[in-house]
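Structure data (CSV, N, CA and C atoms and all ligand atoms) from target_4.csv:
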chain,number,residue,atom,x,y,z
S,444,MET,N,-23.4,12.7,-7.2
S,444,MET,CA,-22.8,12.3,-5.9
S,444,MET,C,-21.3,12.1,-6.0
S,445,LYS,N,-20.6,12.6,-5.1
S,445,LYS,CA,-19.1,12.4,-5.1
S,445,LYS,C,-18.7,11.0,-4.7
S,446,PRO,N,-17.7,10.5,-5.4
S,446,PRO,CA,-17.3,9.1,-5.0
S,446,PRO,C,-16.6,9.2,-3.6
S,447,LEU,N,-16.8,8.1,-2.9
S,447,LEU,CA,-16.2,7.9,-1.6
S,447,LEU,C,-15.2,6.8,-1.6
S,448,VAL,N,-14.1,7.0,-0.9
S,448,VAL,CA,-13.1,6.0,-0.8
S,448,VAL,C,-13.7,4.7,-0.2
S,449,ALA,N,-14.5,4.8,0.8
S,449,ALA,CA,-15.0,3.6,1.4
S,449,ALA,C,-15.9,2.8,0.5
S,450,ASP,N,-16.5,3.4,-0.5
S,450,ASP,CA,-17.3,2.7,-1.5
S,450,ASP,C,-16.5,2.0,-2.5
S,451,LEU,N,-15.2,2.4,-2.6
S,451,LEU,CA,-14.3,1.9,-3.7
S,451,LEU,C,-13.4,0.8,-3.3
S,452,VAL,N,-13.4,0.5,-2.0
S,452,VAL,CA,-12.4,-0.4,-1.5
S,452,VAL,C,-13.0,-1.7,-0.9
S,453,ASP,N,-14.1,-2.1,-1.5
S,453,ASP,CA,-14.7,-3.4,-1.1
S,453,ASP,C,-13.8,-4.5,-1.5
S,454,GLY,N,-14.0,-5.7,-1.0
S,454,GLY,CA,-13.0,-6.8,-1.2
S,454,GLY,C,-12.9,-7.1,-2.7
S,455,ALA,N,-14.0,-7.1,-3.4
S,455,ALA,CA,-13.9,-7.4,-4.9
S,455,ALA,C,-13.0,-6.4,-5.6
S,456,ALA,N,-13.1,-5.1,-5.3
S,456,ALA,CA,-12.3,-4.1,-6.0
S,456,ALA,C,-10.8,-4.3,-5.7
S,457,ILE,N,-10.5,-4.7,-4.4
S,457,ILE,CA,-9.1,-5.0,-4.1
S,457,ILE,C,-8.6,-6.2,-4.9
S,458,LEU,N,-9.4,-7.2,-5.0
S,458,LEU,CA,-9.0,-8.4,-5.7
S,458,LEU,C,-8.7,-8.1,-7.2
S,459,ARG,N,-9.6,-7.2,-7.8
S,459,ARG,CA,-9.4,-6.9,-9.2
S,459,ARG,C,-8.1,-6.1,-9.5
S,460,GLN,N,-7.7,-5.3,-8.5
S,460,GLN,CA,-6.5,-4.4,-8.8
S,460,GLN,C,-5.2,-5.1,-8.4
S,461,ALA,N,-5.2,-6.0,-7.5
S,461,ALA,CA,-3.9,-6.5,-6.9
S,461,ALA,C,-3.4,-7.8,-7.6
S,462,ASP,N,-2.1,-7.9,-7.6
S,462,ASP,CA,-1.5,-9.1,-7.9
S,462,ASP,C,-1.8,-10.1,-6.8
S,463,PRO,N,-2.0,-11.4,-7.1
S,463,PRO,CA,-2.4,-12.3,-6.0
S,463,PRO,C,-1.4,-12.4,-4.9
S,464,ALA,N,-0.1,-12.4,-5.2
S,464,ALA,CA,0.9,-12.4,-4.1
S,464,ALA,C,0.8,-11.2,-3.2
S,465,ASP,N,0.6,-10.0,-3.9
S,465,ASP,CA,0.5,-8.8,-3.1
S,465,ASP,C,-0.8,-8.7,-2.3
S,466,TYR,N,-1.8,-9.3,-2.8
S,466,TYR,CA,-3.1,-9.4,-2.1
S,466,TYR,C,-2.9,-10.2,-0.8
S,467,ASP,N,-2.2,-11.3,-0.9
S,467,ASP,CA,-2.0,-12.2,0.3
S,467,ASP,C,-1.1,-11.5,1.3
S,468,ARG,N,-0.1,-10.8,0.8
S,468,ARG,CA,0.9,-10.2,1.7
S,468,ARG,C,0.2,-8.9,2.3
S,469,GLY,N,-0.5,-8.2,1.6
S,469,GLY,CA,-1.2,-7.0,2.1
S,469,GLY,C,-2.2,-7.4,3.1
S,470,ARG,N,-2.9,-8.5,2.9
S,470,ARG,CA,-3.9,-8.9,3.9
S,470,ARG,C,-3.2,-9.4,5.2
S,471,ALA,N,-2.1,-10.0,5.1
S,471,ALA,CA,-1.3,-10.4,6.2
S,471,ALA,C,-0.9,-9.2,7.0
S,472,LEU,N,-0.4,-8.1,6.3
S,472,LEU,CA,0.0,-6.9,7.0
S,472,LEU,C,-1.1,-6.3,7.8
S,473,VAL,N,-2.3,-6.2,7.2
S,473,VAL,CA,-3.4,-5.6,8.0
S,473,VAL,C,-3.8,-6.5,9.1
S,474,ASP,N,-3.7,-7.8,9.0
S,474,ASP,CA,-4.0,-8.7,10.1
S,474,ASP,C,-3.0,-8.6,11.2
S,475,MET,N,-1.8,-8.2,10.9
S,475,MET,CA,-0.7,-8.0,11.9
S,475,MET,C,-0.8,-6.6,12.6
S,476,GLY,N,-1.7,-5.8,12.1
S,476,GLY,CA,-1.9,-4.5,12.7
S,476,GLY,C,-0.8,-3.5,12.2
S,477,ALA,N,-0.3,-3.8,11.0
S,477,ALA,CA,0.8,-3.0,10.5
S,477,ALA,C,0.3,-1.7,9.9
S,478,VAL,N,-1.0,-1.5,9.7
S,478,VAL,CA,-1.5,-0.3,9.1
S,478,VAL,C,-2.0,0.7,10.1
S,479,LEU,N,-1.5,1.9,10.0
S,479,LEU,CA,-1.9,3.0,10.8
S,479,LEU,C,-2.6,4.0,9.9
S,480,ILE,N,-3.9,4.1,10.1
S,480,ILE,CA,-4.7,5.1,9.3
S,480,ILE,C,-4.4,6.5,9.9
S,481,GLU,N,-3.9,7.4,9.2
S,481,GLU,CA,-3.5,8.7,9.8
S,481,GLU,C,-4.5,9.8,9.6
S,482,SER,N,-5.1,9.8,8.4
S,482,SER,CA,-6.2,10.8,8.2
S,482,SER,C,-7.2,10.3,7.2
S,483,VAL,N,-8.4,10.6,7.5
S,483,VAL,CA,-9.5,10.1,6.7
S,483,VAL,C,-10.5,11.3,6.4
S,484,THR,N,-10.7,11.5,5.1
S,484,THR,CA,-11.8,12.3,4.7
S,484,THR,C,-12.6,11.4,3.8
S,485,PRO,N,-13.9,11.7,3.4
S,485,PRO,CA,-14.6,10.8,2.5
S,485,PRO,C,-13.9,10.6,1.2
S,486,ALA,N,-13.1,11.5,0.7
S,486,ALA,CA,-12.5,11.3,-0.6
S,486,ALA,C,-11.0,11.0,-0.5
S,487,ARG,N,-10.4,10.9,0.7
S,487,ARG,CA,-9.0,10.7,0.8
S,487,ARG,C,-8.6,10.0,2.1
S,488,VAL,N,-7.8,9.0,2.0
S,488,VAL,CA,-7.3,8.3,3.2
S,488,VAL,C,-5.8,8.3,3.1
S,489,SER,N,-5.1,8.6,4.1
S,489,SER,CA,-3.7,8.5,4.2
S,489,SER,C,-3.3,7.6,5.4
S,490,ALA,N,-2.3,6.8,5.1
S,490,ALA,CA,-1.9,5.8,6.1
S,490,ALA,C,-0.4,5.5,6.1
S,491,THR,N,0.1,4.9,7.2
S,491,THR,CA,1.5,4.4,7.2
S,491,THR,C,1.4,2.9,7.4
S,492,VAL,N,2.2,2.2,6.6
S,492,VAL,CA,2.2,0.8,6.7
S,492,VAL,C,3.7,0.4,7.1
S,493,GLU,N,3.7,-0.4,8.2
S,493,GLU,CA,5.0,-0.8,8.7
S,493,GLU,C,5.4,-2.2,8.1
S,494,ASP,N,6.4,-2.2,7.2
S,494,ASP,CA,6.7,-3.4,6.5
S,494,ASP,C,8.2,-3.6,6.5
S,495,GLY,N,8.8,-3.6,7.7
S,495,GLY,CA,10.3,-3.6,7.7
S,495,GLY,C,10.7,-2.1,7.6
S,496,GLN,N,10.3,-1.5,6.5
S,496,GLN,CA,10.4,0.0,6.4
S,496,GLN,C,9.0,0.6,6.5
S,497,ARG,N,9.0,1.8,6.9
S,497,ARG,CA,7.7,2.5,7.0
S,497,ARG,C,7.3,3.1,5.6
S,498,GLN,N,6.2,2.7,5.1
S,498,GLN,CA,5.7,3.2,3.8
S,498,GLN,C,4.5,4.1,4.0
S,499,ARG,N,4.4,5.1,3.2
S,499,ARG,CA,3.3,6.0,3.2
S,499,ARG,C,2.4,5.7,2.1
S,500,VAL,N,1.1,5.6,2.4
S,500,VAL,CA,0.1,5.3,1.3
S,500,VAL,C,-1.0,6.3,1.3
S,501,GLU,N,-1.5,6.6,0.1
S,501,GLU,CA,-2.6,7.4,0.0
S,501,GLU,C,-3.6,6.8,-1.0
S,502,LEU,N,-4.9,6.8,-0.6
S,502,LEU,CA,-6.0,6.4,-1.5
S,502,LEU,C,-6.9,7.6,-1.7
S,503,ARG,N,-7.3,7.8,-2.9
S,503,ARG,CA,-8.2,8.9,-3.3
S,503,ARG,C,-9.3,8.4,-4.1
S,504,ALA,N,-10.5,8.9,-3.8
S,504,ALA,CA,-11.7,8.6,-4.6
S,504,ALA,C,-11.8,9.7,-5.6
S,505,THR,N,-11.8,9.4,-6.9
S,505,THR,CA,-12.0,10.4,-8.0
S,505,THR,C,-13.2,9.9,-8.9
S,506,GLN,N,-13.5,10.8,-9.8
S,506,GLN,CA,-14.6,10.5,-10.7
S,506,GLN,C,-14.3,9.3,-11.5
S,507,ARG,N,-13.0,9.0,-11.7
S,507,ARG,CA,-12.6,7.9,-12.5
S,507,ARG,C,-12.5,6.6,-11.7
S,508,GLY,N,-12.7,6.7,-10.4
S,508,GLY,CA,-12.5,5.5,-9.5
S,508,GLY,C,-11.4,5.8,-8.5
S,509,LEU,N,-10.9,4.7,-8.0
S,509,LEU,CA,-9.9,4.8,-6.9
S,509,LEU,C,-8.6,5.1,-7.5
S,510,GLU,N,-7.9,6.0,-6.9
S,510,GLU,CA,-6.5,6.3,-7.2
S,510,GLU,C,-5.6,6.0,-6.0
S,511,TRP,N,-4.4,5.7,-6.2
S,511,TRP,CA,-3.5,5.3,-5.1
S,511,TRP,C,-2.1,5.7,-5.3
S,512,TRP,N,-1.4,5.8,-4.2
S,512,TRP,CA,0.0,6.1,-4.2
S,512,TRP,C,0.7,5.5,-3.0
S,513,CYS,N,1.9,5.0,-3.2
S,513,CYS,CA,2.7,4.4,-2.1
S,513,CYS,C,4.1,4.8,-2.3
S,514,SER,N,4.8,4.9,-1.1
S,514,SER,CA,6.2,5.4,-1.2
S,514,SER,C,7.2,4.3,-1.5
S,515,CYS,N,6.8,3.1,-1.6
S,515,CYS,CA,7.7,2.0,-2.0
S,515,CYS,C,8.0,2.1,-3.5
S,516,PRO,N,9.1,1.5,-4.0
S,516,PRO,CA,9.4,1.6,-5.4
S,516,PRO,C,8.3,1.2,-6.4
S,517,PRO,N,7.7,0.0,-6.2
S,517,PRO,CA,6.6,-0.4,-7.1
S,517,PRO,C,5.4,0.6,-7.0
S,518,GLY,N,5.1,1.0,-5.8
S,518,GLY,CA,4.0,1.9,-5.6
S,518,GLY,C,4.2,3.3,-6.2
S,519,ARG,N,5.5,3.8,-6.2
S,519,ARG,CA,5.8,5.0,-6.8
S,519,ARG,C,5.6,4.9,-8.4
S,520,GLY,N,5.8,3.7,-8.9
S,520,GLY,CA,5.6,3.4,-10.3
S,520,GLY,C,4.1,3.2,-10.6
S,521,GLY,N,3.3,3.3,-9.6
S,521,GLY,CA,1.8,3.2,-9.9
S,521,GLY,C,1.2,1.8,-9.6
S,522,ALA,N,2.1,0.9,-9.1
S,522,ALA,CA,1.5,-0.5,-8.8
S,522,ALA,C,0.5,-0.4,-7.6
S,523,PHE,N,-0.4,-1.3,-7.7
S,523,PHE,CA,-1.3,-1.5,-6.6
S,523,PHE,C,-0.6,-2.5,-5.7
S,524,CYS,N,0.4,-2.0,-4.9
S,524,CYS,CA,1.3,-2.9,-4.1
S,524,CYS,C,0.7,-3.4,-2.9
S,525,LEU,N,1.4,-4.2,-2.1
S,525,LEU,CA,0.9,-4.8,-0.9
S,525,LEU,C,0.5,-3.8,0.1
S,526,HIS,N,1.2,-2.7,0.1
S,526,HIS,CA,0.8,-1.6,1.1
S,526,HIS,C,-0.5,-1.0,0.8
S,527,VAL,N,-0.7,-0.8,-0.5
S,527,VAL,CA,-2.0,-0.2,-0.9
S,527,VAL,C,-3.1,-1.3,-0.6
S,528,VAL,N,-2.9,-2.5,-0.9
S,528,VAL,CA,-3.8,-3.6,-0.5
S,528,VAL,C,-4.1,-3.5,1.0
S,529,ALA,N,-3.1,-3.4,1.8
S,529,ALA,CA,-3.3,-3.4,3.3
S,529,ALA,C,-4.1,-2.1,3.7
S,530,THR,N,-3.8,-1.0,3.1
S,530,THR,CA,-4.5,0.2,3.4
S,530,THR,C,-6.0,0.1,3.0
S,531,ALA,N,-6.2,-0.4,1.8
S,531,ALA,CA,-7.5,-0.6,1.3
S,531,ALA,C,-8.3,-1.5,2.2
S,532,PHE,N,-7.7,-2.6,2.7
S,532,PHE,CA,-8.4,-3.5,3.6
S,532,PHE,C,-8.7,-2.8,4.9
S,533,ALA,N,-7.8,-2.1,5.4
S,533,ALA,CA,-8.0,-1.4,6.7
S,533,ALA,C,-9.1,-0.4,6.5
S,534,THR,N,-9.2,0.3,5.4
S,534,THR,CA,-10.2,1.3,5.2
S,534,THR,C,-11.6,0.6,5.0
S,535,TRP,N,-11.6,-0.5,4.3
S,535,TRP,CA,-12.8,-1.3,4.1
S,535,TRP,C,-13.3,-1.8,5.5
S,536,ARG,N,-12.4,-2.3,6.3
S,536,ARG,CA,-12.9,-2.8,7.6
S,536,ARG,C,-13.4,-1.7,8.5
S,537,ARG,N,-12.8,-0.6,8.3
S,537,ARG,CA,-13.2,0.6,9.2
S,537,ARG,C,-14.6,1.0,8.8
S,538,GLY,N,-15.1,0.6,7.6
S,538,GLY,CA,-16.4,1.0,7.3
S,538,GLY,C,-16.5,2.4,6.7
S,539,SER,N,-17.6,3.0,6.9
S,539,SER,CA,-17.8,4.3,6.3
S,539,SER,C,-16.7,5.3,6.7
S,540,ALA,N,-16.1,5.9,5.7
S,540,ALA,CA,-15.0,6.8,5.9
S,540,ALA,C,-15.4,8.2,6.3
S,541,SER,N,-16.1,8.3,7.4
S,541,SER,CA,-16.5,9.6,7.8
S,541,SER,C,-15.4,10.2,8.7
S,542,PRO,N,-15.2,11.5,8.7
S,542,PRO,CA,-14.1,12.2,9.4
S,542,PRO,C,-14.1,11.9,10.9
O,1,ZN,ZN,3.9,0.0,-1.4
Is it possible to express this structure as structure tokens?
Amino acid sequence: MKPLVADLVDGAAILRQADPADYDRGRALVDMGAVLIESVTPARVSATVEDGQRQRVELRATQRGLEWWCSCPPGRGGAFCLHVVATAFATWRRGSASP
């Protein structure tokens, strides 16, 4: 069975990946409505997060688990940044990532 993004972004998974400060800030961003989910397939979510600057975020489900990318400097370096947290939360709340 192929991994699904929606199955990989439950709250516990987000907590394990994120720095606590980024976790709190990312959750605040999603509560403010700063996350715009742009496209969703079962294995890939792309979104824009408005955080003063507009950041682009991608989440992908792979056989190794969740992979992510964000256009901010820490995100480009591979960090599970606040924008990735916000996108993961938005995806999680959205529920099943069906097209
Ligand atoms: Zn970021």
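In this model, the gap between atom N of Trp512 of chain S and atom CA of Met444 of chain S comes to 22.4 Å.
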Point to revise | Close residues, Arg519 of chain S itself excluded, 12 Å, only C-alpha atoms, min 6 positions apart in chain, as an MDAnalysis selection string | key: chainID S and resid 498:501 511:513 526:527
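Atom N of Gly520 of chain S lies 18.7 Å from atom C of Ala456 of chain S.
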Check your understanding: Per DSSP on the backbone, what are the strand (DSSP E) residues of chain S, as an MDAnalysis selection string?
Key -> chainID S and resid 478:484 487:494 496:505 508:513
Given 3 Å of margin on each side, can you work out the centre and size in Å (one decimal) of an axis-aligned box holding every listed atom of segment 463-481 of chain S, as lines of an AutoDock Vina configuration file?
center_x = -1.9
center_y = -1.3
center_z = 2.8
size_x = 11.6
size_y = 28.2
size_z = 25.8
**Study point:** Within-12 Å residues of ligand ZN 1 (chain O), basis only C-alpha atoms and all ligand atoms, as a ChimeraX atom specification
**Key:** /S:461,465-466,468-469,472,478,490-502,511-531
From (-19.0, 12.3, -2.6), in the file's coordinates, out to 7 Å: which residues are reached, counting only N, CA and C atoms? Answer as a short mmCIF file (atom, residue, chain, number, x, y, z; two decimals) with N, CA and C atoms, in the coordinates of the input.
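Okay, this is what ended up in selection-v7.cif:
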data_model
loop_
_atom_site.label_atom_id
_atom_site.label_comp_id
_atom_site.auth_asym_id
_atom_site.auth_seq_id
_atom_site.Cartn_x
_atom_site.Cartn_y
_atom_site.Cartn_z
N MET S 444 -23.40 12.70 -7.20
CA MET S 444 -22.80 12.30 -5.90
C MET S 444 -21.30 12.10 -6.00
N LYS S 445 -20.60 12.60 -5.10
CA LYS S 445 -19.10 12.40 -5.10
C LYS S 445 -18.70 11.00 -4.70
N PRO S 446 -17.70 10.50 -5.40
CA PRO S 446 -17.30 9.10 -5.00
C PRO S 446 -16.60 9.20 -3.60
N LEU S 447 -16.80 8.10 -2.90
CA LEU S 447 -16.20 7.90 -1.60
C LEU S 447 -15.20 6.80 -1.60
N PRO S 485 -13.90 11.70 3.40
CA PRO S 485 -14.60 10.80 2.50
C PRO S 485 -13.90 10.60 1.20
N ALA S 486 -13.10 11.50 0.70
CA ALA S 486 -12.50 11.30 -0.60
C ALA S 486 -11.00 11.00 -0.50
#
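Near Thr534 of chain S, within a cut-off of 8 Å and counting all atoms listed in the file, sit the residues S:Val448, S:Ala449, S:Asp450, S:Val452, S:Asp453, S:Ile480, S:Val488, S:Val528, S:Ala529, S:Ser539, S:Ala540, with same-chain residues fewer than 5 positions away left out.
Between atom N of Leu458 of chain S and atom C of Asp474 of chain S lies a distance of 17.5 Å.
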**Study point:** Residues flagged helix (DSSP H, G or I) by DSSP in segment 463-529 of chain S, as an MDAnalysis selection string
**Key:** chainID S and resid 463:474 516:519 525:529
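Each of S:Gly538, S:Gln506, S:Ala533, S:Ala455 was checked against Ala471 of chain S using only C-alpha atoms; the smallest atom-to-atom distance is that of S:Ala533.
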